[in-house]
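Next comes run_13.pdb, a file with PDB, C-alpha atoms and all ligand atoms.
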ATOM      1  CA  MET A   1     -19.498   2.737   1.040  1.00  0.00           C
ATOM      2  CA  ILE A   2     -20.579  -0.876   1.145  1.00  0.00           C
ATOM      3  CA  GLU A   3     -21.185  -2.222   4.641  1.00  0.00           C
ATOM      4  CA  VAL A   4     -18.380  -4.374   6.090  1.00  0.00           C
ATOM      5  CA  SER A   5     -20.527  -7.431   6.782  1.00  0.00           C
ATOM      6  CA  LYS A   6     -22.023  -7.366   3.279  1.00  0.00           C
ATOM      7  CA  LEU A   7     -18.593  -6.982   1.684  1.00  0.00           C
ATOM      8  CA  VAL A   8     -17.151  -9.870   3.694  1.00  0.00           C
ATOM      9  CA  GLU A   9     -20.177 -12.020   2.946  1.00  0.00           C
ATOM     10  CA  ASP A  10     -19.798 -11.414  -0.811  1.00  0.00           C
ATOM     11  CA  LEU A  11     -16.055 -12.037  -0.759  1.00  0.00           C
ATOM     12  CA  THR A  12     -16.423 -15.230   1.264  1.00  0.00           C
ATOM     13  CA  VAL A  13     -18.709 -16.637  -1.421  1.00  0.00           C
ATOM     14  CA  ARG A  14     -16.680 -15.263  -4.342  1.00  0.00           C
ATOM     15  CA  HIS A  15     -13.407 -16.728  -3.070  1.00  0.00           C
ATOM     16  CA  ASN A  16     -14.895 -19.953  -1.841  1.00  0.00           C
ATOM     17  CA  ARG A  17     -13.779 -19.138   1.739  1.00  0.00           C
ATOM     18  CA  PHE A  18     -10.118 -18.794   0.718  1.00  0.00           C
ATOM     19  CA  LEU A  19      -8.740 -16.491   3.399  1.00  0.00           C
ATOM     20  CA  ILE A  20      -5.835 -14.829   1.570  1.00  0.00           C
ATOM     21  CA  SER A  21      -7.970 -13.889  -1.438  1.00  0.00           C
ATOM     22  CA  ILE A  22     -10.647 -12.494   0.853  1.00  0.00           C
ATOM     23  CA  LEU A  23      -8.062 -10.376   2.695  1.00  0.00           C
ATOM     24  CA  GLU A  24      -6.541  -9.182  -0.583  1.00  0.00           C
ATOM     25  CA  ASP A  25      -9.892  -7.882  -1.775  1.00  0.00           C
ATOM     26  CA  ILE A  26     -10.691  -6.269   1.568  1.00  0.00           C
ATOM     27  CA  GLN A  27      -7.361  -4.482   1.429  1.00  0.00           C
ATOM     28  CA  GLU A  28      -8.018  -3.388  -2.131  1.00  0.00           C
ATOM     29  CA  HIS A  29     -11.396  -2.033  -1.052  1.00  0.00           C
ATOM     30  CA  TYR A  30     -10.244  -0.098   2.029  1.00  0.00           C
ATOM     31  CA  ASN A  31      -6.539   0.286   1.193  1.00  0.00           C
ATOM     32  CA  TYR A  32      -5.825  -1.607   4.444  1.00  0.00           C
ATOM     33  CA  LEU A  33      -7.393  -4.263   6.651  1.00  0.00           C
ATOM     34  CA  PRO A  34      -9.747  -2.644   9.166  1.00  0.00           C
ATOM     35  CA  GLU A  35     -10.183  -4.495  12.465  1.00  0.00           C
ATOM     36  CA  GLU A  36     -13.927  -4.666  11.967  1.00  0.00           C
ATOM     37  CA  ALA A  37     -13.452  -6.522   8.683  1.00  0.00           C
ATOM     38  CA  LEU A  38     -10.976  -9.020  10.176  1.00  0.00           C
ATOM     39  CA  VAL A  39     -13.383  -9.836  12.983  1.00  0.00           C
ATOM     40  CA  GLU A  40     -16.170 -10.299  10.437  1.00  0.00           C
ATOM     41  CA  VAL A  41     -13.986 -12.607   8.316  1.00  0.00           C
ATOM     42  CA  ALA A  42     -13.239 -14.776  11.350  1.00  0.00           C
ATOM     43  CA  LYS A  43     -16.954 -14.966  12.111  1.00  0.00           C
ATOM     44  CA  ARG A  44     -17.884 -15.881   8.542  1.00  0.00           C
ATOM     45  CA  LEU A  45     -15.169 -18.518   8.207  1.00  0.00           C
ATOM     46  CA  ASP A  46     -15.818 -19.757  11.727  1.00  0.00           C
ATOM     47  CA  ILE A  47     -12.156 -19.578  12.707  1.00  0.00           C
ATOM     48  CA  PRO A  48     -10.466 -17.743  15.610  1.00  0.00           C
ATOM     49  CA  THR A  49      -9.830 -14.035  15.020  1.00  0.00           C
ATOM     50  CA  ARG A  50      -6.182 -14.572  16.026  1.00  0.00           C
ATOM     51  CA  ASP A  51      -5.770 -16.897  13.009  1.00  0.00           C
ATOM     52  CA  VAL A  52      -7.003 -14.180  10.672  1.00  0.00           C
ATOM     53  CA  TYR A  53      -4.594 -11.711  12.317  1.00  0.00           C
ATOM     54  CA  GLY A  54      -1.839 -14.309  12.033  1.00  0.00           C
ATOM     55  CA  VAL A  55      -2.203 -14.390   8.247  1.00  0.00           C
ATOM     56  CA  ALA A  56      -2.750 -10.613   7.985  1.00  0.00           C
ATOM     57  CA  THR A  57       0.499  -9.903   9.849  1.00  0.00           C
ATOM     58  CA  PHE A  58       2.560 -12.695   8.261  1.00  0.00           C
ATOM     59  CA  TYR A  59       2.428 -11.286   4.735  1.00  0.00           C
ATOM     60  CA  HIS A  60       4.082  -7.909   4.394  1.00  0.00           C
ATOM     61  CA  PHE A  61       1.716  -6.795   1.612  1.00  0.00           C
ATOM     62  CA  PHE A  62      -1.132  -6.668   4.100  1.00  0.00           C
ATOM     63  CA  SER A  63      -1.466  -3.575   6.241  1.00  0.00           C
ATOM     64  CA  LEU A  64      -3.417  -3.140   9.455  1.00  0.00           C
ATOM     65  CA  THR A  65      -3.135   0.623   9.281  1.00  0.00           C
ATOM     66  CA  PRO A  66      -4.595   2.901   6.615  1.00  0.00           C
ATOM     67  CA  LYS A  67      -2.311   3.569   3.684  1.00  0.00           C
ATOM     68  CA  GLY A  68      -2.263   6.459   1.303  1.00  0.00           C
ATOM     69  CA  LYS A  69      -3.937   6.518  -2.075  1.00  0.00           C
ATOM     70  CA  HIS A  70      -0.450   6.711  -3.613  1.00  0.00           C
ATOM     71  CA  ILE A  71       2.132   4.249  -2.343  1.00  0.00           C
ATOM     72  CA  ILE A  72       5.740   5.243  -2.980  1.00  0.00           C
ATOM     73  CA  THR A  73       8.175   2.400  -2.433  1.00  0.00           C
ATOM     74  CA  VAL A  74      11.896   3.117  -2.611  1.00  0.00           C
ATOM     75  CA  CYS A  75      14.264   0.191  -2.936  1.00  0.00           C
ATOM     76  CA  LEU A  76      17.137   0.113  -0.468  1.00  0.00           C
ATOM     77  CA  GLY A  77      18.542  -3.258  -1.481  1.00  0.00           C
ATOM     78  CA  THR A  78      22.302  -3.363  -1.998  1.00  0.00           C
ATOM     79  CA  ALA A  79      22.306  -2.503  -5.715  1.00  0.00           C
ATOM     80  CA  CYS A  80      19.938   0.426  -5.220  1.00  0.00           C
ATOM     81  CA  HIS A  81      21.577   1.532  -1.993  1.00  0.00           C
ATOM     82  CA  VAL A  82      25.030   1.907  -3.561  1.00  0.00           C
ATOM     83  CA  ARG A  83      23.494   3.958  -6.363  1.00  0.00           C
ATOM     84  CA  GLY A  84      21.918   6.451  -4.010  1.00  0.00           C
ATOM     85  CA  GLY A  85      18.640   4.874  -2.862  1.00  0.00           C
ATOM     86  CA  GLU A  86      18.979   6.544   0.532  1.00  0.00           C
ATOM     87  CA  ARG A  87      19.117  10.001  -1.083  1.00  0.00           C
ATOM     88  CA  ILE A  88      15.897   9.208  -2.942  1.00  0.00           C
ATOM     89  CA  VAL A  89      14.242   8.226   0.341  1.00  0.00           C
ATOM     90  CA  ASP A  90      15.362  11.523   1.908  1.00  0.00           C
ATOM     91  CA  THR A  91      14.049  13.494  -1.051  1.00  0.00           C
ATOM     92  CA  VAL A  92      10.637  11.811  -1.101  1.00  0.00           C
ATOM     93  CA  SER A  93      10.421  12.060   2.677  1.00  0.00           C
ATOM     94  CA  ARG A  94      11.132  15.798   2.559  1.00  0.00           C
ATOM     95  CA  GLU A  95       8.735  16.409  -0.339  1.00  0.00           C
ATOM     96  CA  LEU A  96       5.865  14.617   1.410  1.00  0.00           C
ATOM     97  CA  GLY A  97       6.702  15.608   4.974  1.00  0.00           C
ATOM     98  CA  ILE A  98       6.580  12.027   6.233  1.00  0.00           C
ATOM     99  CA  LYS A  99       9.096   9.413   7.349  1.00  0.00           C
ATOM    100  CA  VAL A 100       9.447   5.882   5.990  1.00  0.00           C
ATOM    101  CA  GLY A 101       6.444   3.785   6.992  1.00  0.00           C
ATOM    102  CA  GLU A 102       4.246   6.836   7.459  1.00  0.00           C
ATOM    103  CA  THR A 103       1.170   8.089   5.626  1.00  0.00           C
ATOM    104  CA  THR A 104       0.240  11.714   5.155  1.00  0.00           C
ATOM    105  CA  GLU A 105      -2.639  12.943   7.293  1.00  0.00           C
ATOM    106  CA  ASP A 106      -4.857  13.417   4.248  1.00  0.00           C
ATOM    107  CA  LEU A 107      -4.298   9.713   3.415  1.00  0.00           C
ATOM    108  CA  LYS A 108      -2.928  10.626   0.018  1.00  0.00           C
ATOM    109  CA  TYR A 109       0.669   9.311   0.267  1.00  0.00           C
ATOM    110  CA  THR A 110       2.531   6.487   1.976  1.00  0.00           C
ATOM    111  CA  LEU A 111       6.306   6.137   1.888  1.00  0.00           C
ATOM    112  CA  GLU A 112       7.810   2.673   2.164  1.00  0.00           C
ATOM    113  CA  THR A 113      11.157   1.044   1.552  1.00  0.00           C
ATOM    114  CA  VAL A 114      11.913  -2.467   0.396  1.00  0.00           C
ATOM    115  CA  ASN A 115      15.007  -4.640   0.196  1.00  0.00           C
ATOM    116  CA  CYS A 116      14.912  -5.575  -3.477  1.00  0.00           C
ATOM    117  CA  LEU A 117      12.363  -5.278  -6.211  1.00  0.00           C
ATOM    118  CA  GLY A 118      14.064  -7.699  -8.561  1.00  0.00           C
ATOM    119  CA  ALA A 119      15.105  -4.967 -10.975  1.00  0.00           C
ATOM    120  CA  CYS A 120      18.600  -4.329  -9.607  1.00  0.00           C
ATOM    121  CA  ALA A 121      20.110  -3.398 -12.988  1.00  0.00           C
ATOM    122  CA  LEU A 122      17.734  -0.418 -13.115  1.00  0.00           C
ATOM    123  CA  GLY A 123      18.654   0.888  -9.664  1.00  0.00           C
ATOM    124  CA  PRO A 124      17.900   2.962  -7.863  1.00  0.00           C
ATOM    125  CA  VAL A 125      14.338   1.835  -8.335  1.00  0.00           C
ATOM    126  CA  VAL A 126      11.167   3.462  -7.061  1.00  0.00           C
ATOM    127  CA  VAL A 127       7.696   1.979  -7.436  1.00  0.00           C
ATOM    128  CA  ILE A 128       4.822   4.409  -7.452  1.00  0.00           C
ATOM    129  CA  ASN A 129       1.381   2.841  -7.433  1.00  0.00           C
ATOM    130  CA  ASN A 130       2.765  -0.440  -8.795  1.00  0.00           C
ATOM    131  CA  GLU A 131       4.635   1.268 -11.620  1.00  0.00           C
ATOM    132  CA  TYR A 132       8.412   0.803 -11.734  1.00  0.00           C
ATOM    133  CA  HIS A 133      10.676   3.808 -12.254  1.00  0.00           C
ATOM    134  CA  GLY A 134      14.347   2.971 -12.741  1.00  0.00           C
ATOM    135  CA  GLN A 135      17.571   5.000 -12.613  1.00  0.00           C
ATOM    136  CA  MET A 136      15.903   7.306 -10.166  1.00  0.00           C
ATOM    137  CA  THR A 137      17.457  10.634  -9.324  1.00  0.00           C
ATOM    138  CA  LYS A 138      16.421  13.231  -6.773  1.00  0.00           C
ATOM    139  CA  ALA A 139      15.223  15.525  -9.568  1.00  0.00           C
ATOM    140  CA  LYS A 140      13.238  12.746 -11.228  1.00  0.00           C
ATOM    141  CA  ALA A 141      11.603  11.821  -7.913  1.00  0.00           C
ATOM    142  CA  VAL A 142      10.591  15.432  -7.309  1.00  0.00           C
ATOM    143  CA  ARG A 143       9.186  15.660 -10.827  1.00  0.00           C
ATOM    144  CA  LEU A 144       7.148  12.456 -10.444  1.00  0.00           C
ATOM    145  CA  LEU A 145       5.728  13.643  -7.131  1.00  0.00           C
ATOM    146  CA  LYS A 146       4.837  16.997  -8.662  1.00  0.00           C
ATOM    147  CA  GLU A 147       2.936  15.220 -11.432  1.00  0.00           C
ATOM    148  CA  ILE A 148       0.944  13.181  -8.913  1.00  0.00           C
ATOM    149  CA  LYS A 149       0.214  16.263  -6.807  1.00  0.00           C
ATOM    150  CA  LYS A 150      -0.939  18.095  -9.914  1.00  0.00           C
ATOM    151  CA  THR A 151      -3.308  15.253 -10.801  1.00  0.00           C
ATOM    152  CA  GLU A 152      -4.583  15.254  -7.223  1.00  0.00           C
ATOM    153  CA  ARG A 153      -5.283  18.999  -7.350  1.00  0.00           C
ATOM    154  CA  GLY A 154      -7.075  18.511 -10.677  1.00  0.00           C
ATOM    155  CA  GLU A 155      -9.303  15.827  -9.161  1.00  0.00           C
ATOM    156  CA  GLU A 156     -10.092  18.062  -6.193  1.00  0.00           C
ATOM    157  CA  ASP A 157     -11.175  20.874  -8.526  1.00  0.00           C
ATOM    158  CA  GLU A 158     -13.593  18.608 -10.408  1.00  0.00           C
TER     159      GLU A 158
HETATM  160  S1  LIG B 201      18.357  -3.895  -4.997  1.00  0.00           S
HETATM  161 FE1  LIG B 201      16.862  -2.553  -5.740  1.00  0.00          FE
HETATM  162  S2  LIG B 201      15.838  -3.720  -7.227  1.00  0.00           S
HETATM  163 FE2  LIG B 201      17.277  -5.102  -6.401  1.00  0.00          FE
END

Starting from the file, give its structure as structure tokens.
Ligand code: FES
Amino acid sequence: MIEVSKLVEDLTVRHNRFLISILEDIQEHYNYLPEEALVEVAKRLDIPTRDVYGVATFYHFFSLTPKGKHIITVCLGTACHVRGGERIVDTVSRELGIKVGETTEDLKYTLETVNCLGACALGPVVVINNEYHGQMTKAKAVRLLKEIKKTERGEEDE
């Protein structure tokens, strides 16, 4: 894997020192924002580390802890909640053996909830790896997770 300082150096140049874009690419690279990288960004941009942390913690799409390869986000906004969003959360949680906000030990799956995904008419909505799945049911959630697990097993066998 590319060294942190080299990655940050490249991103600083590529994004013309624009902090948010640099952090976005670091997160894309590591799937979260490692402390080492944030310290390096502060050094490169010549700004206090606390300012970098301030931005990293202000935006909810940044994460300071490692996330899974597959991010499962269940909407619990009002429209999705009344249509059974909570049951979907329970199902996914049981299937993966993790609670909301947690990541599996093998760093394969993260379960998150959100308060509206802007697709209320399709509720309950689940987003898996940026792909929207509407009118979610417990059975559909189980099926989708099975498909991902199957793909994962296939990749492991390769
Ligand atoms: S409440 Fe779930 S998409 Fe709006």

Set out as JSON lines a contact list for chain A and ligand LIG 201 (chain B) with a cut-off of 12 Å, giving each residue of chain A that qualifies its closest atom pair and distance in Å to one decimal, counting all atoms listed in the file, ordered by chain and rising residue number.
{"residue": "A:Thr73", "atom": "CA", "partner": "B:LIG201", "partner_atom": "FE1", "distance": 10.5}
{"residue": "A:Val74", "atom": "CA", "partner": "B:LIG201", "partner_atom": "FE1", "distance": 8.2}
{"residue": "A:Cys75", "atom": "CA", "partner": "B:LIG201", "partner_atom": "FE1", "distance": 4.7}
{"residue": "A:Leu76", "atom": "CA", "partner": "B:LIG201", "partner_atom": "FE1", "distance": 5.9}
{"residue": "A:Gly77", "atom": "CA", "partner": "B:LIG201", "partner_atom": "S1", "distance": 3.6}
{"residue": "A:Thr78", "atom": "CA", "partner": "B:LIG201", "partner_atom": "S1", "distance": 5.0}
{"residue": "A:Ala79", "atom": "CA", "partner": "B:LIG201", "partner_atom": "S1", "distance": 4.2}
{"residue": "A:Cys80", "atom": "CA", "partner": "B:LIG201", "partner_atom": "FE1", "distance": 4.3}
{"residue": "A:His81", "atom": "CA", "partner": "B:LIG201", "partner_atom": "S1", "distance": 7.0}
{"residue": "A:Val82", "atom": "CA", "partner": "B:LIG201", "partner_atom": "S1", "distance": 9.0}
{"residue": "A:Arg83", "atom": "CA", "partner": "B:LIG201", "partner_atom": "FE1", "distance": 9.3}
{"residue": "A:Gly84", "atom": "CA", "partner": "B:LIG201", "partner_atom": "FE1", "distance": 10.5}
{"residue": "A:Gly85", "atom": "CA", "partner": "B:LIG201", "partner_atom": "FE1", "distance": 8.2}
{"residue": "A:Glu86", "atom": "CA", "partner": "B:LIG201", "partner_atom": "FE1", "distance": 11.3}
{"residue": "A:Thr113", "atom": "CA", "partner": "B:LIG201", "partner_atom": "FE1", "distance": 9.9}
{"residue": "A:Val114", "atom": "CA", "partner": "B:LIG201", "partner_atom": "FE1", "distance": 7.9}
{"residue": "A:Asn115", "atom": "CA", "partner": "B:LIG201", "partner_atom": "S1", "distance": 6.2}
{"residue": "A:Cys116", "atom": "CA", "partner": "B:LIG201", "partner_atom": "FE2", "distance": 3.8}
{"residue": "A:Leu117", "atom": "CA", "partner": "B:LIG201", "partner_atom": "S2", "distance": 3.9}
{"residue": "A:Gly118", "atom": "CA", "partner": "B:LIG201", "partner_atom": "S2", "distance": 4.6}
{"residue": "A:Ala119", "atom": "CA", "partner": "B:LIG201", "partner_atom": "S2", "distance": 4.0}
{"residue": "A:Cys120", "atom": "CA", "partner": "B:LIG201", "partner_atom": "FE2", "distance": 3.6}
{"residue": "A:Ala121", "atom": "CA", "partner": "B:LIG201", "partner_atom": "S2", "distance": 7.2}
{"residue": "A:Leu122", "atom": "CA", "partner": "B:LIG201", "partner_atom": "S2", "distance": 7.0}
{"residue": "A:Gly123", "atom": "CA", "partner": "B:LIG201", "partner_atom": "FE1", "distance": 5.5}
{"residue": "A:Pro124", "atom": "CA", "partner": "B:LIG201", "partner_atom": "FE1", "distance": 6.0}
{"residue": "A:Val125", "atom": "CA", "partner": "B:LIG201", "partner_atom": "FE1", "distance": 5.7}
{"residue": "A:Val126", "atom": "CA", "partner": "B:LIG201", "partner_atom": "FE1", "distance": 8.4}
{"residue": "A:Val127", "atom": "CA", "partner": "B:LIG201", "partner_atom": "S2", "distance": 9.9}
{"residue": "A:Tyr132", "atom": "CA", "partner": "B:LIG201", "partner_atom": "S2", "distance": 9.8}
{"residue": "A:His133", "atom": "CA", "partner": "B:LIG201", "partner_atom": "S2", "distance": 10.4}
{"residue": "A:Gly134", "atom": "CA", "partner": "B:LIG201", "partner_atom": "S2", "distance": 8.8}
{"residue": "A:Gln135", "atom": "CA", "partner": "B:LIG201", "partner_atom": "FE1", "distance": 10.2}
{"residue": "A:Met136", "atom": "CA", "partner": "B:LIG201", "partner_atom": "FE1", "distance": 10.8}

Would you work out the distance separating CA of Tyr109 (chain A) from CA of Ala139 (chain A), expressed in Å to one decimal?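 Atom-to-atom, CA of Tyr109 (chain A) to CA of Ala139 (chain A), that is 18.6 Å.
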
Please write the residues picked by the PyMOL selection byres (((chain A and resi 70) around 8) and not hetatm) on this file as a list in words.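 Against this file, the PyMOL selection byres (((chain A and resi 70) around 8) and not hetatm) returns the residues Gly68, Lys69, Ile71, Ile72, Lys108, Tyr109, Thr110, Ile128 and Asn129 of chain A.
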
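With only C-alpha atoms as the basis for measurement, A:Leu23 is the residue among A:Val39, A:Leu23, A:Val89, A:Leu7 that approaches Tyr59 (chain A) most closely.
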
Choose the residue, out of A:Ser5, A:Ser93, A:Thr49, A:Thr103, that has the smallest atom-to-atom separation from Lys138 (chain A); count only C-alpha atoms.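 With only C-alpha atoms as the atom set, the closest residue is A:Ser93.
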
Using only C-alpha atoms: which of A:Ser21, A:Thr57, A:Thr12, A:Asn130 has the shortest distance to Glu40 (chain A): A:Thr12

May I have the residues within 9 Å of Glu102 (chain A) as number ranges by chain, using all atoms listed in the file and disregarding those fewer than 2 positions away in the same chain? A: 67-68, 98-100, 104, 109-112

Can you pull out the residues contacting Pro34 (chain A)? Cut-off 9 Å, using only C-alpha atoms, and skip same-chain residues under 4 positions away; I want them as number ranges by chain. A: 26-27, 30, 38-39, 63-66

Can you translate the PyMOL selection byres (((chain A and resi 140-152) around 8) and not hetatm) into the concrete residues it hits in this file, as a PyMOL selection string? chain A and resi 88+91-92+95+136-139+153-156

Shortest interatomic distance to Val52 (chain A) - which of A:Glu36, A:Leu19, A:Arg14, A:Gly97, counting all atoms listed in the file: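 When distances to Val52 (chain A) are compared using all atoms listed in the file, the smallest one comes from A:Leu19.
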
Distance in Å - CA of Asp25 (chain A) versus CA of Val41 (chain A):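 Going from CA of Asp25 (chain A) over to CA of Val41 (chain A) covers 11.9 Å.
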
What does the structure give for the distance between CA of Glu9 (chain A) and CA of Pro48 (chain A), in Å to one decimal? 17.0 Å

Given only C-alpha atoms as the basis, pick out the residue of A:Arg17, A:Glu24, A:Asp10, A:His60 nearest to Asp46 (chain A). A:Arg17

Ranking A:Phe58, A:Arg44, A:Glu131, A:Glu35 by minimum distance to Ile22 (chain A) and counting all atoms listed in the file, which one comes first? A:Arg44
